[in-house]
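Peer 1: The file below is input03.cif, mmCIF, C-alpha atoms and all ligand atoms:
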```
data_upload
#
loop_
_atom_site.label_atom_id
_atom_site.label_comp_id
_atom_site.auth_asym_id
_atom_site.auth_seq_id
_atom_site.Cartn_x
_atom_site.Cartn_y
_atom_site.Cartn_z
CA MET A 172 9.99 -27.82 20.84
CA PHE A 173 8.67 -24.29 21.28
CA SER A 174 8.32 -22.14 24.39
CA ASN A 175 4.85 -21.63 25.81
CA THR A 176 4.65 -17.99 24.68
CA ILE A 177 3.75 -19.16 21.20
CA LYS A 178 0.55 -18.98 19.19
CA ALA A 179 -0.43 -21.76 16.78
CA VAL A 180 -2.66 -21.28 13.74
CA ARG A 181 -3.99 -24.16 11.64
CA GLY A 182 -5.51 -23.94 8.16
CA ALA A 183 -4.68 -23.80 4.46
CA LEU A 184 -1.59 -21.61 4.03
CA LEU A 185 -0.82 -19.77 0.82
CA ASP A 186 2.12 -17.49 0.08
CA VAL A 187 4.90 -16.84 -2.44
CA ARG A 188 8.29 -18.20 -1.47
CA GLN A 189 10.52 -15.40 -2.76
CA VAL A 190 10.66 -12.16 -4.70
CA VAL A 191 10.52 -12.91 -8.41
CA HIS A 192 11.90 -10.87 -11.26
CA SER A 193 9.59 -12.26 -13.91
CA PRO A 194 5.98 -13.43 -13.54
CA THR A 195 6.98 -16.73 -15.19
CA GLU A 196 8.83 -17.64 -11.99
CA LEU A 197 5.69 -17.33 -9.89
CA GLU A 198 4.19 -20.78 -10.41
CA ASP A 199 7.32 -22.50 -9.12
CA ASN A 200 7.38 -20.23 -6.10
CA LEU A 201 3.80 -20.62 -4.96
CA ARG A 202 3.61 -22.31 -1.58
CA TYR A 203 0.29 -23.94 -0.78
CA ILE A 204 -0.17 -26.20 2.21
CA SER A 205 -3.73 -27.51 2.36
CA ASP A 206 -3.54 -28.45 6.04
CA GLY A 207 -0.85 -26.21 7.47
CA LEU A 208 0.42 -24.97 10.78
CA MET A 209 1.99 -21.61 11.48
CA VAL A 210 3.66 -21.00 14.81
CA ILE A 211 4.16 -17.42 15.96
CA ASP A 212 6.45 -16.31 18.73
CA GLN A 213 6.61 -12.70 19.86
CA GLY A 214 5.08 -11.37 16.68
CA LYS A 215 7.32 -13.33 14.32
CA VAL A 216 6.80 -16.51 12.32
CA ALA A 217 8.64 -19.20 14.30
CA TRP A 218 7.71 -22.16 12.14
CA HIS A 219 5.45 -23.07 9.27
CA GLY A 220 4.75 -26.28 7.43
CA THR A 221 2.28 -29.12 7.35
CA TRP A 222 0.07 -29.81 10.35
CA ASP A 223 1.29 -33.41 10.43
CA LYS A 224 4.92 -32.38 10.74
CA GLY A 225 4.34 -29.48 13.11
CA ARG A 226 1.83 -30.85 15.60
CA VAL A 227 4.44 -32.97 17.38
CA LEU A 228 6.51 -29.88 18.06
CA LEU A 229 3.73 -28.10 19.95
CA PRO A 230 3.38 -28.02 23.73
CA GLU A 231 0.56 -30.31 24.82
CA ASP A 232 -1.72 -27.74 26.39
CA ILE A 233 -1.54 -25.15 23.62
CA ARG A 234 -4.78 -23.79 22.21
CA ILE A 235 -4.83 -23.98 18.43
CA CYS A 236 -6.57 -21.28 16.38
CA ASP A 237 -8.35 -23.62 14.03
CA TYR A 238 -9.10 -22.11 10.64
CA ARG A 239 -9.65 -25.27 8.61
CA GLY A 240 -11.91 -24.48 5.65
CA LYS A 241 -10.44 -20.97 5.42
CA LEU A 242 -7.40 -19.69 3.53
CA ILE A 243 -4.53 -18.00 5.39
CA VAL A 244 -2.49 -15.51 3.37
CA PRO A 245 0.03 -12.76 4.19
CA GLY A 246 -1.50 -9.39 5.11
CA PHE A 247 -2.26 -7.19 2.13
CA ILE A 248 -0.04 -4.24 1.28
CA ASP A 249 -1.47 -0.97 -0.02
CA THR A 250 1.33 1.09 -1.51
CA HIS A 251 -0.52 4.43 -1.76
CA ILE A 252 -3.49 5.82 0.15
CA HIS A 253 -4.58 9.15 1.72
CA TYR A 254 -6.13 8.89 5.15
CA PRO A 255 -7.76 12.36 5.22
CA GLN A 256 -9.59 11.45 2.02
CA MET A 257 -11.57 8.54 3.43
CA GLU A 258 -14.47 10.92 3.90
CA THR A 259 -14.45 12.13 0.28
CA VAL A 260 -14.54 8.83 -1.59
CA GLY A 261 -17.02 9.07 -4.43
CA ALA A 262 -16.95 12.86 -4.96
CA TYR A 263 -18.67 13.42 -8.27
CA GLY A 264 -17.70 14.40 -11.72
CA GLU A 265 -14.24 15.99 -11.87
CA GLN A 266 -10.78 15.11 -13.09
CA LEU A 267 -7.62 15.51 -11.04
CA ILE A 268 -6.99 19.25 -10.67
CA GLU A 269 -10.65 20.28 -10.36
CA TRP A 270 -11.27 17.33 -8.02
CA LEU A 271 -8.42 18.45 -5.76
CA ASN A 272 -9.63 22.05 -5.68
CA THR A 273 -13.31 21.26 -5.29
CA TYR A 274 -13.31 18.38 -2.84
CA ILE A 275 -9.93 17.47 -1.45
CA PHE A 276 -8.33 20.73 -0.39
CA PRO A 277 -11.38 21.85 1.61
CA THR A 278 -11.55 18.45 3.34
CA GLU A 279 -7.87 18.23 4.22
CA GLN A 280 -8.15 21.53 6.15
CA LYS A 281 -10.19 19.73 8.79
CA TYR A 282 -7.07 17.80 9.81
CA ALA A 283 -5.51 20.82 11.50
CA ASN A 284 -7.63 19.77 14.47
CA LYS A 285 -5.81 17.02 16.36
CA ARG A 286 -8.96 15.65 17.94
CA TYR A 287 -10.67 15.33 14.58
CA ALA A 288 -7.55 13.84 12.98
CA ARG A 289 -7.31 11.29 15.76
CA GLU A 290 -10.92 10.24 15.35
CA MET A 291 -10.53 9.85 11.60
CA ALA A 292 -7.19 8.03 11.93
CA GLY A 293 -8.96 5.50 14.17
CA LEU A 294 -11.71 4.93 11.62
CA PHE A 295 -9.15 4.75 8.83
CA VAL A 296 -7.03 2.08 10.50
CA CYS A 297 -10.16 0.02 11.30
CA GLU A 298 -11.11 0.18 7.64
CA LEU A 299 -7.65 -1.01 6.57
CA LEU A 300 -7.81 -3.98 8.92
CA LYS A 301 -11.36 -4.84 7.94
CA ASN A 302 -10.04 -5.15 4.39
CA GLY A 303 -7.09 -7.30 5.38
CA THR A 304 -4.57 -4.52 4.77
CA THR A 305 -1.81 -4.72 7.35
CA THR A 306 0.77 -2.41 5.75
CA ALA A 307 0.09 0.81 3.88
CA MET A 308 2.04 3.78 2.60
CA VAL A 309 -0.11 6.69 3.67
CA PHE A 310 -0.40 10.40 2.90
CA CYS A 311 -1.48 12.50 5.87
CA SER A 312 -2.33 16.17 5.39
CA VAL A 313 -0.06 19.18 5.65
CA TYR A 314 -0.52 19.55 9.43
CA PRO A 315 1.94 17.79 11.74
CA GLU A 316 -0.99 17.01 14.08
CA SER A 317 -2.49 14.79 11.40
CA VAL A 318 0.75 12.85 11.19
CA ASP A 319 1.01 12.34 14.93
CA ALA A 320 -2.61 11.17 14.99
CA LEU A 321 -2.01 8.46 12.40
CA PHE A 322 1.31 7.24 13.77
CA GLU A 323 -0.08 7.09 17.33
CA GLU A 324 -3.00 5.00 16.12
CA CYS A 325 -0.76 2.62 14.15
CA ASP A 326 1.82 2.37 16.91
CA ARG A 327 -0.89 1.35 19.37
CA ARG A 328 -1.60 -1.65 17.13
CA ASN A 329 2.03 -2.23 16.29
CA MET A 330 1.44 -1.91 12.55
CA ARG A 331 4.08 -1.56 9.88
CA ILE A 332 3.04 1.71 8.30
CA ILE A 333 4.92 4.26 6.22
CA SER A 334 3.65 7.81 6.32
CA GLY A 335 4.57 11.46 6.36
CA LYS A 336 3.52 15.09 6.39
CA VAL A 337 2.43 16.55 3.06
CA MET A 338 4.76 19.33 1.92
CA MET A 339 2.94 21.94 -0.16
CA ASP A 340 3.78 25.62 -0.47
CA ARG A 341 1.85 26.83 -3.54
CA ASN A 342 -1.21 26.28 -5.76
CA ALA A 343 -3.40 25.33 -2.82
CA PRO A 344 -5.57 27.30 -0.37
CA GLU A 345 -3.52 29.43 1.98
CA ALA A 346 -4.64 27.47 5.03
CA LEU A 347 -3.10 24.34 3.52
CA GLN A 348 0.24 25.85 2.61
CA ASP A 349 3.45 25.53 4.53
CA THR A 350 6.74 27.17 3.54
CA PRO A 351 10.01 25.57 2.43
CA GLU A 352 11.49 26.25 5.85
CA SER A 353 8.48 25.19 7.98
CA SER A 354 7.93 22.06 5.89
CA TYR A 355 11.57 21.15 6.35
CA LEU A 356 11.53 21.72 10.10
CA ASP A 357 8.18 19.98 10.67
CA SER A 358 9.09 17.01 8.49
CA ARG A 359 12.47 16.69 10.15
CA ARG A 360 10.97 16.74 13.62
CA LEU A 361 8.32 14.16 12.67
CA LEU A 362 10.89 11.99 10.96
CA GLN A 363 13.11 11.97 14.02
CA LYS A 364 10.14 11.20 16.21
CA TRP A 365 8.58 8.39 14.19
CA HIS A 366 11.00 6.85 11.70
CA LYS A 367 11.89 3.34 12.89
CA ARG A 368 9.95 3.76 16.11
CA ASN A 369 8.71 0.20 16.61
CA ARG A 370 7.38 -0.77 13.18
CA LEU A 371 6.75 2.75 11.85
CA LEU A 372 8.63 4.37 8.98
CA TYR A 373 8.70 7.94 7.74
CA ALA A 374 8.21 9.16 4.17
CA ILE A 375 9.26 12.60 2.99
CA THR A 376 6.04 13.64 1.23
CA PRO A 377 6.04 16.50 -1.29
CA ARG A 378 2.44 16.26 -2.57
CA PHE A 379 3.40 16.66 -6.27
CA ALA A 380 5.49 19.05 -8.33
CA PRO A 381 2.66 21.59 -8.94
CA THR A 382 2.20 22.27 -5.22
CA SER A 383 5.90 22.56 -4.35
CA SER A 384 8.17 25.46 -5.29
CA PRO A 385 11.74 24.67 -6.37
CA GLU A 386 12.84 25.94 -2.94
CA GLN A 387 10.61 23.39 -1.23
CA LEU A 388 11.89 20.52 -3.36
CA GLU A 389 15.39 21.62 -2.39
CA LYS A 390 14.36 21.20 1.24
CA ALA A 391 12.93 17.76 0.47
CA MET A 392 16.28 16.89 -1.10
CA ALA A 393 18.11 18.13 1.99
CA LEU A 394 15.97 15.85 4.16
CA ARG A 395 16.63 12.88 1.92
CA GLU A 396 20.37 13.53 2.08
CA GLU A 397 20.27 13.86 5.85
CA PHE A 398 18.13 10.74 6.31
CA PRO A 399 19.01 8.41 3.43
CA ASP A 400 17.05 5.49 4.85
CA ALA A 401 13.78 7.44 4.98
CA TYR A 402 11.19 7.01 2.23
CA VAL A 403 9.89 9.44 -0.39
CA GLN A 404 6.31 9.36 -1.65
CA THR A 405 4.67 11.58 -4.23
CA HIS A 406 2.51 11.60 -7.38
CA LEU A 407 3.76 11.44 -10.96
CA SER A 408 2.12 11.79 -14.40
CA GLU A 409 -1.42 10.98 -13.40
CA ASN A 410 -3.37 13.33 -15.65
CA GLU A 411 -2.55 14.93 -19.02
CA ASN A 412 -3.37 18.47 -17.86
CA GLU A 413 -1.21 17.95 -14.80
CA VAL A 414 1.74 16.91 -16.98
CA LYS A 415 1.30 20.04 -19.15
CA TRP A 416 1.07 22.20 -16.03
CA VAL A 417 4.33 20.83 -14.66
CA LYS A 418 6.02 21.74 -17.96
CA THR A 419 4.95 25.38 -17.48
CA LEU A 420 5.95 25.43 -13.79
CA TYR A 421 9.37 23.84 -14.36
CA PRO A 422 10.25 24.87 -17.95
CA GLU A 423 13.96 24.29 -17.35
CA ARG A 424 13.41 20.56 -16.67
CA LYS A 425 13.14 17.92 -19.40
CA GLY A 426 9.84 16.60 -18.08
CA TYR A 427 7.84 15.76 -14.99
CA LEU A 428 10.08 13.03 -13.60
CA ASP A 429 13.15 15.13 -14.33
CA VAL A 430 11.86 17.59 -11.71
CA TYR A 431 11.98 14.92 -9.00
CA ASN A 432 15.20 13.45 -10.35
CA HIS A 433 16.86 16.86 -10.34
CA TYR A 434 16.02 17.28 -6.67
CA GLY A 435 17.39 13.88 -5.72
CA LEU A 436 13.98 12.36 -5.02
CA THR A 437 14.20 9.30 -7.26
CA GLY A 438 15.82 6.03 -6.24
CA GLU A 439 15.40 3.24 -3.74
CA ARG A 440 12.50 3.78 -1.32
CA SER A 441 10.95 6.43 -3.60
CA ILE A 442 7.37 5.46 -4.42
CA TYR A 443 5.54 7.21 -7.22
CA ALA A 444 1.78 6.94 -7.54
CA HIS A 445 0.19 6.59 -11.01
CA CYS A 446 2.91 7.00 -13.71
CA ILE A 447 0.36 6.82 -16.52
CA HIS A 448 1.73 9.31 -19.04
CA LEU A 449 5.47 8.64 -18.91
CA SER A 450 7.77 9.36 -21.86
CA GLY A 451 10.26 6.75 -23.04
CA GLU A 452 13.01 8.56 -21.22
CA GLU A 453 10.98 8.68 -18.01
CA TRP A 454 10.36 4.93 -18.13
CA GLN A 455 14.08 4.51 -18.47
CA THR A 456 14.78 6.78 -15.50
CA MET A 457 12.26 4.90 -13.35
CA ALA A 458 14.06 1.64 -14.13
CA GLU A 459 17.60 2.96 -13.84
CA THR A 460 17.02 4.68 -10.51
CA ASP A 461 15.10 1.67 -9.08
CA SER A 462 12.18 3.89 -8.15
CA SER A 463 8.87 2.16 -7.37
CA ILE A 464 5.38 2.59 -8.80
CA ALA A 465 2.07 2.44 -6.94
CA PHE A 466 -0.55 1.20 -9.41
CA CYS A 467 -3.92 2.75 -8.53
CA PRO A 468 -6.51 1.27 -10.92
CA THR A 469 -9.78 2.27 -9.20
CA SER A 470 -8.50 5.83 -8.86
CA ASN A 471 -7.26 6.03 -12.43
CA MET A 472 -10.61 4.87 -13.79
CA TYR A 473 -12.60 7.04 -11.40
CA LEU A 474 -10.80 10.30 -12.21
CA GLY A 475 -10.57 9.35 -15.89
CA SER A 476 -6.79 9.67 -15.66
CA GLY A 477 -5.86 6.90 -18.09
CA LEU A 478 -4.56 3.36 -18.26
CA PHE A 479 -1.33 2.55 -16.46
CA ASN A 480 0.89 0.41 -18.67
CA TYR A 481 1.39 -2.30 -16.07
CA ARG A 482 2.98 -4.86 -18.35
CA LYS A 483 5.52 -2.38 -19.65
CA ALA A 484 6.55 -1.53 -16.09
CA ILE A 485 6.95 -5.19 -15.17
CA ASN A 486 8.87 -5.99 -18.36
CA LYS A 487 11.26 -3.16 -17.52
CA GLY A 488 11.88 -4.71 -14.12
CA ILE A 489 10.31 -1.79 -12.22
CA ARG A 490 8.88 -2.51 -8.78
CA VAL A 491 5.09 -2.21 -8.92
CA GLY A 492 2.72 -2.50 -5.96
CA MET A 493 -1.06 -2.35 -5.79
CA ALA A 494 -2.65 0.76 -4.34
CA THR A 495 -6.17 1.88 -3.51
CA ASP A 496 -5.43 5.64 -3.59
CA ILE A 497 -8.43 6.38 -1.39
CA GLY A 498 -10.12 8.91 -1.85
CA ALA A 499 -9.72 9.07 -5.65
CA GLY A 500 -9.81 5.30 -5.46
CA THR A 501 -13.20 3.87 -4.66
CA SER A 502 -12.44 0.87 -2.47
CA PHE A 503 -10.20 -0.05 0.47
CA SER A 504 -10.22 -3.64 -0.72
CA LEU A 505 -7.14 -5.00 -2.47
CA PHE A 506 -9.43 -7.61 -4.06
CA GLU A 507 -11.54 -4.89 -5.67
CA THR A 508 -8.34 -3.08 -6.63
CA LEU A 509 -7.04 -6.21 -8.36
CA ASN A 510 -10.37 -6.64 -10.08
CA GLU A 511 -10.04 -3.18 -11.61
CA ALA A 512 -6.35 -3.74 -12.35
CA TYR A 513 -7.30 -6.79 -14.38
CA LYS A 514 -9.65 -4.64 -16.46
CA VAL A 515 -7.07 -1.88 -16.95
CA VAL A 516 -4.65 -4.49 -18.23
CA GLN A 517 -7.34 -6.11 -20.41
CA LEU A 518 -8.04 -2.77 -22.09
CA GLN A 519 -4.42 -2.82 -23.20
CA LYS A 520 -4.73 -6.34 -24.61
CA GLU A 521 -2.58 -7.84 -21.88
CA LYS A 522 -3.28 -10.28 -19.05
CA LEU A 523 -3.06 -10.17 -15.27
CA PRO A 524 -3.14 -13.74 -13.95
CA ALA A 525 -4.55 -14.37 -10.47
CA LEU A 526 -1.27 -15.59 -9.06
CA GLU A 527 0.48 -12.43 -10.22
CA GLY A 528 -2.27 -10.31 -8.69
CA PHE A 529 -1.93 -12.18 -5.40
CA TYR A 530 1.84 -11.63 -5.49
CA ARG A 531 1.44 -7.87 -6.16
CA ALA A 532 -0.85 -7.50 -3.15
CA THR A 533 1.53 -9.39 -0.83
CA LEU A 534 5.24 -10.10 -1.36
CA GLY A 535 5.43 -7.96 -4.53
CA GLY A 536 3.98 -5.04 -2.56
CA ALA A 537 6.57 -5.62 0.16
CA HIS A 538 9.30 -5.62 -2.51
CA THR A 539 7.90 -2.36 -3.93
CA LEU A 540 8.24 -0.81 -0.47
CA PHE A 541 11.68 -2.32 0.14
CA LEU A 542 10.25 -4.39 2.98
CA ALA A 543 10.46 -7.89 1.52
CA ASP A 544 12.96 -8.93 4.17
CA LEU A 545 10.37 -8.20 6.88
CA ILE A 546 6.88 -8.89 5.54
CA GLY A 547 5.02 -10.38 2.58
CA ASN A 548 5.22 -14.12 3.18
CA PHE A 549 5.46 -16.76 5.91
CA ASP A 550 9.22 -17.26 5.99
CA ILE A 551 10.55 -18.01 9.44
CA GLY A 552 11.55 -14.76 11.13
CA LYS A 553 9.12 -12.60 9.16
CA GLU A 554 6.69 -10.35 10.99
CA ALA A 555 3.45 -12.24 11.52
CA ASP A 556 0.92 -10.06 9.67
CA PHE A 557 -1.67 -12.29 8.04
CA VAL A 558 -5.26 -12.59 6.97
CA VAL A 559 -7.68 -15.48 7.31
CA LEU A 560 -9.90 -15.43 4.24
CA ASP A 561 -13.37 -16.83 3.98
CA PRO A 562 -13.22 -17.71 0.30
CA VAL A 563 -16.99 -18.05 -0.05
CA ALA A 564 -18.73 -15.10 1.55
CA THR A 565 -21.60 -14.81 -0.92
CA GLN A 566 -23.88 -17.13 -2.85
CA VAL A 567 -22.32 -16.20 -6.17
CA GLN A 568 -18.82 -16.77 -4.78
CA GLN A 569 -19.96 -20.18 -3.53
CA LEU A 570 -21.23 -21.12 -6.99
CA ARG A 571 -18.05 -19.95 -8.66
CA TRP A 572 -15.82 -21.60 -6.03
CA ASP A 573 -17.65 -24.91 -6.52
CA ASN A 574 -17.22 -24.85 -10.26
CA SER A 575 -13.57 -23.76 -10.18
CA LYS A 576 -11.16 -26.65 -10.37
CA THR A 577 -7.65 -25.35 -9.80
CA LEU A 578 -6.24 -23.12 -7.07
CA ASP A 579 -5.46 -20.60 -9.79
CA GLU A 580 -9.11 -20.47 -10.85
CA LYS A 581 -10.26 -20.15 -7.25
CA LEU A 582 -7.82 -17.30 -6.64
CA PHE A 583 -9.09 -15.57 -9.76
CA VAL A 584 -12.67 -15.81 -8.51
CA LEU A 585 -11.57 -14.20 -5.23
CA MET A 586 -9.71 -11.47 -7.10
CA THR A 587 -12.77 -10.76 -9.25
CA LEU A 588 -15.65 -11.16 -6.81
CA GLY A 589 -13.88 -10.63 -3.50
CA ASP A 590 -14.18 -7.69 -1.12
CA ASP A 591 -14.19 -6.99 2.62
CA ARG A 592 -16.79 -9.72 3.17
CA ASN A 593 -14.05 -12.26 2.50
CA ILE A 594 -11.89 -11.02 5.35
CA TYR A 595 -12.63 -13.35 8.26
CA ARG A 596 -9.77 -12.41 10.60
CA THR A 597 -6.82 -10.02 10.42
CA TYR A 598 -3.66 -10.45 12.50
CA VAL A 599 -0.97 -7.83 13.02
CA ASP A 600 2.32 -8.70 14.66
CA GLY A 601 0.82 -12.05 15.64
CA SER A 602 -2.21 -10.52 17.38
CA LEU A 603 -5.82 -10.68 16.30
CA VAL A 604 -6.90 -7.13 15.38
CA TYR A 605 -10.04 -7.69 13.33
CA SER A 606 -12.71 -10.31 13.51
CA CYS A 607 -15.64 -10.48 11.11
CA THR A 608 -18.91 -10.36 13.05
CA ARG A 609 -21.18 -11.85 10.40
N1 LIG B 1 -2.02 14.47 -7.02
C1 LIG B 1 -1.73 15.37 -6.06
N2 LIG B 1 -2.47 15.18 -4.96
C2 LIG B 1 -3.25 14.11 -5.23
C3 LIG B 1 -4.23 13.42 -4.46
O1 LIG B 1 -4.55 13.75 -3.33
N3 LIG B 1 -4.84 12.36 -5.08
C4 LIG B 1 -4.52 11.98 -6.35
N4 LIG B 1 -5.14 10.94 -6.90
N5 LIG B 1 -3.61 12.62 -7.08
C5 LIG B 1 -2.98 13.67 -6.52
ZN ZN B 2 -2.62 9.83 -4.16
#
```
Could you rewrite the structure in this file as structure tokens?
Ligand code: GUN
Ligand code: ZN
Peer 2:
Amino acid sequence: MFSNTIKAVRGALLDVRQVVHSPTELEDNLRYISDGLMVIDQGKVAWHGTWDKGRVLLPEDIRICDYRGKLIVPGFIDTHIHYPQMETVGAYGEQLIEWLNTYIFPTEQKYANKRYAREMAGLFVCELLKNGTTTAMVFCSVYPESVDALFEECDRRNMRIISGKVMMDRNAPEALQDTPESSYLDSRRLLQKWHKRNRLLYAITPRFAPTSSPEQLEKAMALREEFPDAYVQTHLSENENEVKWVKTLYPERKGYLDVYNHYGLTGERSIYAHCIHLSGEEWQTMAETDSSIAFCPTSNMYLGSGLFNYRKAINKGIRVGMATDIGAGTSFSLFETLNEAYKVVQLQKEKLPALEGFYRATLGGAHTLFLADLIGNFDIGKEADFVVLDPVATQVQQLRWDNSKTLDEKLFVLMTLGDDRNIYRTYVDGSLVYSCTR
């Protein structure tokens, strides 16, 4: 019997039982309950199972949120995204370095203004929730105000978000540069203010090796040593010209990843976006240090960066999560991101099955962010972040749904044709935070 503070949700429940170390284990770990019940108490999953078994446990007068005909899945996890870049999605025609200089650096300067940052953080979080994304690892801009704005917005909704202040002291407009000392002091202050406050987590955030001097990376290392349970997020080997540039900026290092490794920035809770042009030795270092990769397919196609070797990463046992990388990425939707991921993998003559895609966007993403003990599936005790999907939001989806026989086929149709129109409700910490108005 439950207390009367609980919330009860009925519908088809789909999740993955446990973290897997090979995609072949996924089928046995899929949990699908066609008529399920999930009970939530104080933001946590208190019970889940079949409706028939669970209904007798409920207090008599409880109101059930009835989502029969819909599909309830864990909230989606976006392992790399930039909130100040929401307003530059779809900037035309350039590859990484020119794109940063032409579009991104001018835009990020607007986030020195706290009022503006707050307004944009609000829009950004709404867009995440509208797409069913309940956890994200987010770049702010270089200004501490932009970090406060995002964390305040996420704290208000009790979201599990990882974020941090960009550290950048060279190769960017002066107005966007900090110094090794100021970036250390600002990051440290923000970390102490936000890390582990409610559900928030802090990431030490050197933008990428070209915009940090060796002195600044030393400061990032000092922060990591002082706060070993904080995160690190940065970019790695996205574009061929970028890789060449890093070689000229850090000639004493063996390669791009060796720069980060030298400054103690690899390891658990270090998340690297892109990782397209890695050498054999760098792949090895990623695996040996248990560093994570954020796979950003829409971004990589959009900026013409290259094809991430997803299957190689998985075969090496590296943690890989899905990422939109807004604003080089072109969609907030993890469905659209998986759709592009499938094509990136296809171009390399490999496959990305629907179930594996679903895992990457949920429990696999949580594993990538070292959060699988807290989020990613419906285990009892987990934080109740979940999405109610309308699996047939368009006529074409309806046709494809009707002529798909297995759950696997249906999931694949969602992964290929799905977008924000399929997000019917989003719940964070057991509370309804987005409701589709169509
Ligand atoms: N490398 C350094 N900064 C960025 C950024 O803002 N976006 C992308 N895609 N790559 C980067
Ligand atoms: Zn990025």
Peer 1: Restricting the calculation to only C-alpha atoms and all ligand atoms: of A:Glu409, A:Asp561, A:Glu389, A:Asp496, which residue gets closest to ligand ZN 2 (chain B)?
Peer 2: A:Asp496
Peer 1: From the list A:Phe247, A:Tyr443, A:Trp222, A:Trp416, which residue is nearest ligand ZN 2 (chain B) when using only C-alpha atoms and all ligand atoms?
Peer 2: A:Tyr443
Peer 1: Please identify the residues whose atoms come within 10 Å of ligand LIG 1 (chain B), using all atoms listed in the file, and report them as a JSON list (two decimals) with C-alpha atoms, keeping the file's coordinate frame.
Peer 2:
```json
[["chain", "number", "residue", "atom", "x", "y", "z"],
["A", 251, "HIS", "CA", -0.52, 4.43, -1.76],
["A", 252, "ILE", "CA", -3.49, 5.82, 0.15],
["A", 253, "HIS", "CA", -4.58, 9.15, 1.72],
["A", 254, "TYR", "CA", -6.13, 8.89, 5.15],
["A", 255, "PRO", "CA", -7.76, 12.36, 5.22],
["A", 256, "GLN", "CA", -9.59, 11.45, 2.02],
["A", 266, "GLN", "CA", -10.78, 15.11, -13.09],
["A", 267, "LEU", "CA", -7.62, 15.51, -11.04],
["A", 268, "ILE", "CA", -6.99, 19.25, -10.67],
["A", 270, "TRP", "CA", -11.27, 17.33, -8.02],
["A", 271, "LEU", "CA", -8.42, 18.45, -5.76],
["A", 272, "ASN", "CA", -9.63, 22.05, -5.68],
["A", 274, "TYR", "CA", -13.31, 18.38, -2.84],
["A", 275, "ILE", "CA", -9.93, 17.47, -1.45],
["A", 276, "PHE", "CA", -8.33, 20.73, -0.39],
["A", 279, "GLU", "CA", -7.87, 18.23, 4.22],
["A", 310, "PHE", "CA", -0.40, 10.40, 2.90],
["A", 311, "CYS", "CA", -1.48, 12.50, 5.87],
["A", 312, "SER", "CA", -2.33, 16.17, 5.39],
["A", 337, "VAL", "CA", 2.43, 16.55, 3.06],
["A", 339, "MET", "CA", 2.94, 21.94, -0.16],
["A", 377, "PRO", "CA", 6.04, 16.50, -1.29],
["A", 378, "ARG", "CA", 2.44, 16.26, -2.57],
["A", 379, "PHE", "CA", 3.40, 16.66, -6.27],
["A", 380, "ALA", "CA", 5.49, 19.05, -8.33],
["A", 381, "PRO", "CA", 2.66, 21.59, -8.94],
["A", 382, "THR", "CA", 2.20, 22.27, -5.22],
["A", 405, "THR", "CA", 4.67, 11.58, -4.23],
["A", 406, "HIS", "CA", 2.51, 11.60, -7.38],
["A", 407, "LEU", "CA", 3.76, 11.44, -10.96],
["A", 408, "SER", "CA", 2.12, 11.79, -14.40],
["A", 409, "GLU", "CA", -1.42, 10.98, -13.40],
["A", 410, "ASN", "CA", -3.37, 13.33, -15.65],
["A", 413, "GLU", "CA", -1.21, 17.95, -14.80],
["A", 444, "ALA", "CA", 1.78, 6.94, -7.54],
["A", 445, "HIS", "CA", 0.19, 6.59, -11.01],
["A", 467, "CYS", "CA", -3.92, 2.75, -8.53],
["A", 470, "SER", "CA", -8.50, 5.83, -8.86],
["A", 471, "ASN", "CA", -7.26, 6.03, -12.43],
["A", 473, "TYR", "CA", -12.60, 7.04, -11.40],
["A", 474, "LEU", "CA", -10.80, 10.30, -12.21],
["A", 476, "SER", "CA", -6.79, 9.67, -15.66],
["A", 495, "THR", "CA", -6.17, 1.88, -3.51],
["A", 496, "ASP", "CA", -5.43, 5.64, -3.59],
["A", 497, "ILE", "CA", -8.43, 6.38, -1.39],
["A", 498, "GLY", "CA", -10.12, 8.91, -1.85],
["A", 499, "ALA", "CA", -9.72, 9.07, -5.65],
["A", 500, "GLY", "CA", -9.81, 5.30, -5.46]]
```
Peer 1: Can you pull out every residue within 7 Å of range 205-217 of chain A, counting all atoms listed in the file, but drop anything in the same chain fewer than 3 positions away, and send it as a list in words?
Peer 2: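 Surrounding residues, per the criterion: Thr176, Ile177, Lys178, Ala179, Val180, Arg181, Gly182, Ala183, Leu184, Gly220, Thr221, Trp222, Gly225, Phe549, Asp550, Ile551, Gly552, Lys553, Glu554, Ala555, Asp600 and Gly601 of chain A.
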Peer 1: Closest to Lys336 in chain A among A:Thr273, A:Gln348, A:Thr306, A:Ser317, using all atoms listed in the file?
Peer 2: A:Ser317
Peer 1: Edge lengths and centre in Å to one decimal, as lines of an AutoDock Vina configuration file, of the axis-aligned box that encloses all listed atoms of range 454-470 of chain A with 5 Å added on every side?
Peer 2:
```
center_x = 3.9
center_y = 4.0
center_z = -12.7
size_x = 37.4
size_y = 15.6
size_z = 21.5
```
Peer 1: Env of Thr304 in chain A: 6 Å cut, atoms = all atoms listed in the file, seq-sep filter 2 positions within chain, self excluded. Answer as a tab-separated table (two decimals) with C-alpha atoms, in the frame of the given file.
Peer 2:
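Wrote part04.tsv, looks like this:
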```tsv
chain	number	residue	atom	x	y	z
A	246	GLY	CA	-1.50	-9.39	5.11
A	247	PHE	CA	-2.26	-7.19	2.13
A	248	ILE	CA	-0.04	-4.24	1.28
A	299	LEU	CA	-7.65	-1.01	6.57
A	300	LEU	CA	-7.81	-3.98	8.92
A	302	ASN	CA	-10.04	-5.15	4.39
A	306	THR	CA	0.77	-2.41	5.75
```
Peer 1: Near Met472 in chain A, counting only C-alpha atoms, which residues have an atom at most 10 Å away, once you skip same-chain residues fewer than 6 positions from it, shown as JSON, numbers by chain?
Peer 2: {"A": [478, 479, 499, 500, 501, 511, 512, 514, 515]}
